[in-house]
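First comes the structure, then the notes that go with it.
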There are 4 protein chains.
Amino acid sequence: MIIDINCDMGESFGVYRIGEDEKIIPYISSANIACGYHAGDPLVMDRTVQLAKEHGVAVGAHPGFPDLLGYGRRMLETFPGEIRRYVLYQVGALAAFCRVNQVKLQHVKPHGALYNLAARDENTAREIIEAVMAYDPELILVALSGSRLAELGGSAGLKVAREVFPDRAYLADGRLAPRRLPGSVIQEVEQVRERVVRLITRGTLISIEGQEIELKADTFCLHGDTPGAWLLAKTIGEALSEAGIPIQPLSQNLFP
Amino acid sequence: MIIDINCDMGESFGVYRIGEDEKIIPYISSANIACGYHAGDPLVMDRTVQLAKEHGVAVGAHPGFPDLLGYGRRMLETFPGEIRRYVLYQVGALAAFCRVNQVKLQHVKPHGALYNLAARDENTAREIIEAVMAYDPELILVALSGSRLAELGGSAGLKVAREVFPDRAYLADGRLAPRRLPGSVIQEVEQVRERVVRLITRGTLISIEGQEIELKADTFCLHGDTPGAWLLAKTIGEALSEAGIPIQPLSQNLFP
Amino acid sequence: MIIDINCDMGESFGVYRIGEDEKIIPYISSANIACGYHAGDPLVMDRTVQLAKEHGVAVGAHPGFPDLLGYGRRMLETFPGEIRRYVLYQVGALAAFCRVNQVKLQHVKPHGALYNLAARDENTAREIIEAVMAYDPELILVALSGSRLAELGGSAGLKVAREVFPDRAYLADGRLAPRRLPGSVIQEVEQVRERVVRLITRGTLISIEGQEIELKADTFCLHGDTPGAWLLAKTIGEALSEAGIPIQPLSQNLFP
Amino acid sequence: MIIDINCDMGESFGVYRIGEDEKIIPYISSANIACGYHAGDPLVMDRTVQLAKEHGVAVGAHPGFPDLLGYGRRMLETFPGEIRRYVLYQVGALAAFCRVNQVKLQHVKPHGALYNLAARDENTAREIIEAVMAYDPELILVALSGSRLAELGGSAGLKVAREVFPDRAYLADGRLAPRRLPGSVIQEVEQVRERVVRLITRGTLISIEGQEIELKADTFCLHGDTPGAWLLAKTIGEALSEAGIPIQPLSQNLFP
């Protein structure tokens, strides 16, 4: 049993700093790097690709809606074909920094509102899938475990990595508990550690309602923009190490 | 003798339309496509790459300063390393649309204020050259004939295409006459036609002061954002055809 | 009987030109001027305020979503309080150009997706109303006739001008027919002219289903970004002139 | 003797936080609030105006170049008339938040590269002065002590507050020592404190070359975006208090 831990990175912009990329990177295996639409800029992208390379962390594109003001967290209505081109633009831009740093682009993971929309909306999911297929069908698509995006991506023949958020509560039907629900974000490190171990060893999670539910987890997402995120990452890393479960990029374990 | 004719294209943005790309494309051989910084957006980029493909026109990236409000025509101070990353970002973004449309990226030509700055400023020229070398040393760099960028690009081992503007007046020392000088833009079609023929057949131009000067021309640039630009393109195309001079992309004639 | 004719104006941006403001302004009485979020820039705003002043046309702010790429036509999710501040920001920016040109700011009319959302969504309507009330309770709020915004604005004590689009089809329930329906946009000038006259003289409109419906019209909106818009404006102006109905700004007739 | 202490504030943007506004505001008397061009957004602007109001701190507009990516610190070439409109737009936008919060707009202080350019370039200075004069000739213009902007603003009849940076070294001719010079930024709190006292009591400063130079100081600028800035503010506040020099907004002491 091997697991991947991913984290959103490179979300600084100009003089604005967000996230503790340098502190958290030793504990993860895949980095989702912002591409300049919801966050990130060319200098940050280049620096973050280099940081990932130095730590043997695999690189993915993290495209979002063109909404820096809202950090890509707000739903934006789009017309057919726009999302596909937005994803292509951002993947291509990041790929340039991979290329000049001799790093392989491993995966694509949509960000924020685009991620959430693709989890439930078929048209959005299809546009993302079409973009990835057209750009490079060998790229891994990281999608919420149990989502439309994961399902449709798999049907389309893409390599799909099912993502679970160990510090987020889930509903009994396997969907993420909305952030407005009390207890939707789990802040106690020990509890998150337990959830990770249970997910890996038993493939289950205790839902917010208290039921044990099954959830496929190919990769765990850690949030990098909360203070102390690196401590959570460290704790999880140690728990996995104790349990004898190696942390490796998706391209090495899931789709070698 | 073979010549390339290039034109800036894909400079529309959202609902905003600029240039008559569809009308002018039958008469050119290389298209410089805006990459979303000074102009262009993902939909326009995709559509323009397809338009170029349909007409057998070679595609180049046309990176500019991040200044949509100023259309990339205003000098922007940058800190060391910024221009290199700005160029990489934009080239990568356009390359994605080339890739999904199975079109080869032929060249890179900086836009507006970045073009002018690179023509005279060594640091700017070096950053652009480094970006192109690092991304793909087989890409052709289009630079003002006689400029620092052309000179340094050649020394660095890049394929450089020297560009001449047949509808712009030149000073006796080979530099472009500033736009503020009367007569700096030549609007009479017949006069432009004569300049093109003289440049190809004799390798010379009559400067704004009236002297005959030598100027190497591997590619002619036509402006697409002036009304009637396509008529000028048509006239030049016919003149070259009469003179038995084929119009072909740089990748077919200069660097086959 | 007196009527106001309004038109969206000042929607150019940088080198990008849209609309035929100069041609259409002789035929209208109120100008809705974009404020730099969905369109417009400081130079365009200043110039458009001056243009309106020269033609005795009243000036209104036309705030939209911060989405230049989508021209403010795409729904953007916002968090509570955002729309209120977006409106304040834009109204204040335009007010500066009114101030330096000694022009009174007459009205506020939301643009595009914000307009449509405010027509049906109470929270959006309330934020816009709060912004206008707080900034200047004497400002006229231009809202779709029969909309939530018109209703709530009136209840809140604002001066509300009910707007009708004579070149758009309406459903039997008084709502605008969606643009995807065939016949939703009426392009025949003569037909638009008839609708204007019927609205003024009888206060009714023939719905897309063929029924005669009542609709209060304090101001007619003409679209300025369609080619030939000025011709429609001219025709309507002449029809009103023949019918002896003066065209005057809202601040002169409705709320003197 | 009374002095004003000003600080740049409200430079956060969306989720991005910069500066310790809440910590530093108890120690200053005037706040320069970013207006959405180089930094700031409508929510931040509203919140910062309220913060200033709560602390009895006077509010000023802090307009910059439209360059969020460069934080307004990079020179941007502009065409005649652009700077004037950029300033008007930003002042008007901030004025809206002053208005709804019942706060008087006290001053205008250009930001970053625009500030530096206006200090030496006459055209830039004139455009800023024209904007302020046209918008409200009672507004105070904050300008670098000894600069062209200060000089021309005074000649034009504006109320000018001459600004000194106590934590920046000065050349013997009274200009700011460039940041690239060693010792150009004074980080030792005690040394800054001494400079403030000398400036107030003797009207002089020791230049980076060691000479005592005269410098008029109506207002001291503290930097808010360096960690620990509030501590410096506190120290200076205490030093002034010990020396019996009250800290008050410009509108209360200099131009009552």
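Residues are referred to by chain and number: the chain letter is A, B, ... according to the order shown in the structure tokens, the number counts from 1 in that chain, and ligands are numbered separately from 1 in the order shown.
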Could you pull out the helix (DSSP H, G or I) residues of segment 47-209 of chain D, going by DSSP on the backbone, and write them as an NGL selection string? :D and (47-54 or 82-100 or 112-120 or 122-135 or 148-155 or 189-201)
Residues of chain D were defined as contacting chain A if any atom lay at most 12 Å from it, counting only C-alpha atoms; please report them as a list in words. Glu11, Ser12, Phe13, Gly14, Val15, Tyr16, Arg17, Ile18, Gly19, Gly36, His38, Ala39, Gly40, Asp41, Pro42, Leu43, Val44, Asp67, Leu68, Leu69, Gly70, Tyr71, Gly72, Arg73, Arg74, Asp225 and Thr226 of chain D
Hey, what's within 7 Å of Lys109 of chain D if we count only C-alpha atoms and toss same-chain stuff fewer than 6 positions away? As a list in words, please? Asn32, Gly60, Ala61, His62, Pro63, Leu141, Val142 and Ala143 of chain D
Val160 of chain C surroundings by only C-alpha atoms, 12 Å radius, close-in-sequence under 3 positions cut, as a VMD selection string: chain C and resid 106 to 109 129 132 to 133 137 to 157 163 216 to 219 250 to 251 254 to 255
Export N, CA, C and O atoms of the chosen residues as a short mmCIF file (atom, residue, chain, number, x, y, z; two decimals), in the first residue's frame?
```
data_model
loop_
_atom_site.label_atom_id
_atom_site.label_comp_id
_atom_site.auth_asym_id
_atom_site.auth_seq_id
_atom_site.Cartn_x
_atom_site.Cartn_y
_atom_site.Cartn_z
N GLN C 106 -26.96 61.46 -12.42
CA GLN C 106 -28.42 61.35 -12.37
C GLN C 106 -28.91 60.01 -11.84
O GLN C 106 -29.84 59.93 -11.06
N HIS C 107 -28.28 58.92 -12.30
CA HIS C 107 -28.86 57.62 -11.99
C HIS C 107 -27.81 56.52 -11.90
O HIS C 107 -26.64 56.71 -12.22
N VAL C 108 -28.27 55.38 -11.44
CA VAL C 108 -27.45 54.17 -11.40
C VAL C 108 -28.24 53.06 -12.06
O VAL C 108 -29.42 52.86 -11.74
N LYS C 109 -27.60 52.37 -12.98
CA LYS C 109 -28.26 51.23 -13.62
C LYS C 109 -27.27 50.08 -13.67
O LYS C 109 -26.24 50.18 -14.33
N ILE C 129 -29.46 48.48 -3.77
CA ILE C 129 -30.27 49.55 -3.17
C ILE C 129 -29.54 50.20 -1.99
O ILE C 129 -29.49 51.43 -1.88
N VAL C 132 -26.83 52.56 -3.27
CA VAL C 132 -27.35 53.82 -3.81
C VAL C 132 -27.87 54.71 -2.68
O VAL C 132 -27.56 55.90 -2.63
N MET C 133 -28.64 54.11 -1.77
CA MET C 133 -29.16 54.87 -0.62
C MET C 133 -28.04 55.51 0.17
O MET C 133 -28.12 56.67 0.58
N PRO C 137 -29.18 59.25 -1.71
CA PRO C 137 -30.57 58.80 -1.84
C PRO C 137 -31.36 59.56 -2.90
O PRO C 137 -32.48 59.16 -3.22
N GLU C 138 -30.77 60.60 -3.46
CA GLU C 138 -31.45 61.34 -4.53
C GLU C 138 -31.19 60.74 -5.91
O GLU C 138 -31.82 61.13 -6.90
N LEU C 139 -30.24 59.80 -5.98
CA LEU C 139 -29.95 59.16 -7.27
C LEU C 139 -31.15 58.33 -7.71
O LEU C 139 -31.81 57.69 -6.90
N ILE C 140 -31.40 58.32 -9.01
CA ILE C 140 -32.48 57.50 -9.56
C ILE C 140 -31.93 56.10 -9.84
O ILE C 140 -30.83 55.95 -10.36
N LEU C 141 -32.70 55.09 -9.46
CA LEU C 141 -32.30 53.72 -9.75
C LEU C 141 -33.06 53.25 -10.98
O LEU C 141 -34.30 53.24 -10.98
N VAL C 142 -32.34 52.86 -12.03
CA VAL C 142 -33.00 52.35 -13.24
C VAL C 142 -33.04 50.83 -13.14
O VAL C 142 -32.01 50.18 -12.99
N ALA C 143 -34.26 50.29 -13.21
CA ALA C 143 -34.44 48.85 -13.03
C ALA C 143 -35.47 48.31 -14.01
O ALA C 143 -36.37 49.05 -14.44
N LEU C 144 -35.32 47.06 -14.36
CA LEU C 144 -36.26 46.41 -15.27
C LEU C 144 -37.69 46.57 -14.75
O LEU C 144 -37.97 46.29 -13.58
N SER C 145 -38.55 47.00 -15.59
CA SER C 145 -39.97 47.18 -15.23
C SER C 145 -40.52 45.85 -14.72
O SER C 145 -40.38 44.81 -15.37
N GLY C 146 -41.11 45.88 -13.54
CA GLY C 146 -41.71 44.66 -12.99
C GLY C 146 -40.75 43.78 -12.21
O GLY C 146 -41.13 42.71 -11.71
N SER C 147 -39.49 44.20 -12.08
CA SER C 147 -38.48 43.36 -11.44
C SER C 147 -38.48 43.51 -9.91
O SER C 147 -39.07 44.45 -9.37
N ARG C 148 -37.82 42.59 -9.25
CA ARG C 148 -37.61 42.68 -7.80
C ARG C 148 -36.88 43.97 -7.45
O ARG C 148 -37.19 44.64 -6.47
N LEU C 149 -35.86 44.30 -8.27
CA LEU C 149 -35.08 45.50 -7.99
C LEU C 149 -35.97 46.74 -8.02
O LEU C 149 -35.87 47.62 -7.15
N ALA C 150 -36.85 46.82 -9.01
CA ALA C 150 -37.75 47.98 -9.11
C ALA C 150 -38.67 48.03 -7.89
O ALA C 150 -38.85 49.08 -7.27
N GLU C 151 -39.21 46.87 -7.55
CA GLU C 151 -40.15 46.78 -6.43
C GLU C 151 -39.48 47.15 -5.10
O GLU C 151 -39.96 48.01 -4.36
N LEU C 152 -38.35 46.51 -4.84
CA LEU C 152 -37.67 46.74 -3.56
C LEU C 152 -37.08 48.15 -3.48
O LEU C 152 -37.04 48.76 -2.41
N GLY C 153 -36.60 48.65 -4.59
CA GLY C 153 -36.06 50.00 -4.62
C GLY C 153 -37.14 51.01 -4.26
O GLY C 153 -36.91 51.95 -3.47
N GLY C 154 -38.32 50.82 -4.82
CA GLY C 154 -39.43 51.70 -4.50
C GLY C 154 -39.81 51.62 -3.02
O GLY C 154 -39.97 52.65 -2.35
N SER C 155 -39.90 50.40 -2.51
CA SER C 155 -40.26 50.22 -1.09
C SER C 155 -39.23 50.89 -0.18
O SER C 155 -39.57 51.39 0.89
N ALA C 156 -37.99 50.85 -0.61
CA ALA C 156 -36.94 51.44 0.22
C ALA C 156 -36.94 52.97 0.15
O ALA C 156 -36.19 53.61 0.87
N GLY C 157 -37.74 53.51 -0.73
CA GLY C 157 -37.84 54.96 -0.82
C GLY C 157 -36.97 55.58 -1.89
O GLY C 157 -36.84 56.79 -1.97
N GLU C 163 -37.67 50.37 -16.53
CA GLU C 163 -37.06 50.32 -17.86
C GLU C 163 -37.70 49.23 -18.72
O GLU C 163 -37.95 48.12 -18.26
N LYS C 216 -45.16 49.09 -17.39
CA LYS C 216 -44.87 50.49 -17.11
C LYS C 216 -43.50 50.84 -17.68
O LYS C 216 -42.52 50.14 -17.42
N ALA C 217 -43.42 51.91 -18.42
CA ALA C 217 -42.14 52.31 -19.02
C ALA C 217 -41.82 53.76 -18.69
O ALA C 217 -42.50 54.67 -19.18
N ASP C 218 -40.82 53.96 -17.85
CA ASP C 218 -40.34 55.32 -17.59
C ASP C 218 -39.17 55.66 -18.50
O ASP C 218 -38.88 56.83 -18.73
N THR C 219 -38.50 54.62 -18.95
CA THR C 219 -37.34 54.84 -19.81
C THR C 219 -37.18 53.65 -20.74
O THR C 219 -37.43 52.51 -20.36
N LEU C 250 -34.58 61.52 -17.17
CA LEU C 250 -35.43 61.16 -16.03
C LEU C 250 -35.49 62.28 -14.99
O LEU C 250 -36.53 62.52 -14.39
N SER C 251 -34.37 62.92 -14.80
CA SER C 251 -34.31 63.95 -13.76
C SER C 251 -35.13 65.19 -14.13
O SER C 251 -35.41 66.03 -13.29
N LEU C 254 -39.46 62.67 -14.89
CA LEU C 254 -40.02 61.74 -13.90
C LEU C 254 -39.82 62.24 -12.47
O LEU C 254 -40.70 62.14 -11.63
N PHE C 255 -38.60 62.71 -12.19
CA PHE C 255 -38.28 63.18 -10.84
C PHE C 255 -37.69 64.58 -10.92
O PHE C 255 -36.50 64.77 -10.69
#
```
So, counting only C-alpha atoms, which residue among B:Thr48, B:Asn6, B:Gln90, B:Asn116 is closest to Ser30 of chain B? B:Asn6
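In this structure, atom CA of Leu240 of chain D sits 15.6 Å away from atom CA of Asp167 of chain D.
Residues in contact range of Pro80 of chain A, defined as at most 10 Å between only C-alpha atoms, with sequence neighbours fewer than 2 positions away removed, read A:Glu77, A:Thr78, A:Glu82, A:Ile83, A:Arg84, A:Arg85, A:Asn123, A:Thr124, A:Glu127.
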Write the residues of the selection above to a file with N, CA, C and O atoms, as an mmCIF file, in the first residue's frame.
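New file part.cif:
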```cif
data_model
loop_
_atom_site.group_PDB
_atom_site.id
_atom_site.type_symbol
_atom_site.label_atom_id
_atom_site.label_comp_id
_atom_site.auth_asym_id
_atom_site.auth_seq_id
_atom_site.Cartn_x
_atom_site.Cartn_y
_atom_site.Cartn_z
ATOM 1 N N GLU A 77 -20.186 31.887 -14.176
ATOM 2 C CA GLU A 77 -20.898 31.328 -15.323
ATOM 3 C C GLU A 77 -19.965 31.382 -16.529
ATOM 4 O O GLU A 77 -19.231 32.356 -16.718
ATOM 5 N N THR A 78 -19.969 30.334 -17.316
ATOM 6 C CA THR A 78 -19.148 30.372 -18.532
ATOM 7 C C THR A 78 -19.993 29.891 -19.697
ATOM 8 O O THR A 78 -20.992 29.211 -19.512
ATOM 9 N N GLU A 82 -15.569 27.651 -23.020
ATOM 10 C CA GLU A 82 -14.659 28.542 -22.292
ATOM 11 C C GLU A 82 -13.794 27.765 -21.298
ATOM 12 O O GLU A 82 -12.580 27.978 -21.228
ATOM 13 N N ILE A 83 -14.398 26.896 -20.539
ATOM 14 C CA ILE A 83 -13.621 26.173 -19.522
ATOM 15 C C ILE A 83 -12.518 25.347 -20.174
ATOM 16 O O ILE A 83 -11.386 25.306 -19.700
ATOM 17 N N ARG A 84 -12.864 24.689 -21.281
ATOM 18 C CA ARG A 84 -11.855 23.886 -21.974
ATOM 19 C C ARG A 84 -10.641 24.747 -22.327
ATOM 20 O O ARG A 84 -9.486 24.360 -22.078
ATOM 21 N N ARG A 85 -10.890 25.952 -22.878
ATOM 22 C CA ARG A 85 -9.756 26.818 -23.256
ATOM 23 C C ARG A 85 -9.056 27.409 -22.035
ATOM 24 O O ARG A 85 -7.848 27.627 -22.067
ATOM 25 N N ASN A 123 -21.249 19.070 -17.819
ATOM 26 C CA ASN A 123 -20.633 19.859 -18.891
ATOM 27 C C ASN A 123 -19.259 20.378 -18.495
ATOM 28 O O ASN A 123 -18.311 20.345 -19.283
ATOM 29 N N THR A 124 -19.170 20.859 -17.266
ATOM 30 C CA THR A 124 -17.885 21.344 -16.780
ATOM 31 C C THR A 124 -16.873 20.203 -16.754
ATOM 32 O O THR A 124 -15.726 20.355 -17.209
ATOM 33 N N GLU A 127 -15.612 19.396 -20.232
ATOM 34 C CA GLU A 127 -14.668 20.364 -20.823
ATOM 35 C C GLU A 127 -13.265 20.188 -20.244
ATOM 36 O O GLU A 127 -12.268 20.277 -20.960
#
```
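Close contacts of Pro249 of chain D, defined as residues with an atom at most 8 Å away when counting only C-alpha atoms, with chain neighbours fewer than 5 positions off set aside, comprise Ile3, Asp4, Ile5, Ser29, Ser30, Val57 and Ala58 of chain D.
Separating atom CA of Asp21 of chain C from atom CA of Gly237 of chain C is a distance of 15.9 Å.
Atom CA of Lys234 of chain D is found 13.0 Å from atom CA of Glu20 of chain D.
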Report as a PyMOL selection string all protein, DNA and RNA residues lying within 8 Å of Phe165 of chain A, evaluated on only C-alpha atoms, omitting residues in the same chain fewer than 3 positions from it. chain A and resi 168+220-222
Please identify which residues in segment 24-86 of chain A DSSP calls strand (DSSP E or B) from the backbone, and express them as a list in words. Ser30, Ala31, Asn32, Ile33, Ala34, Ala58, Val59, Gly60, Ala61, His62 and Leu76 of chain A
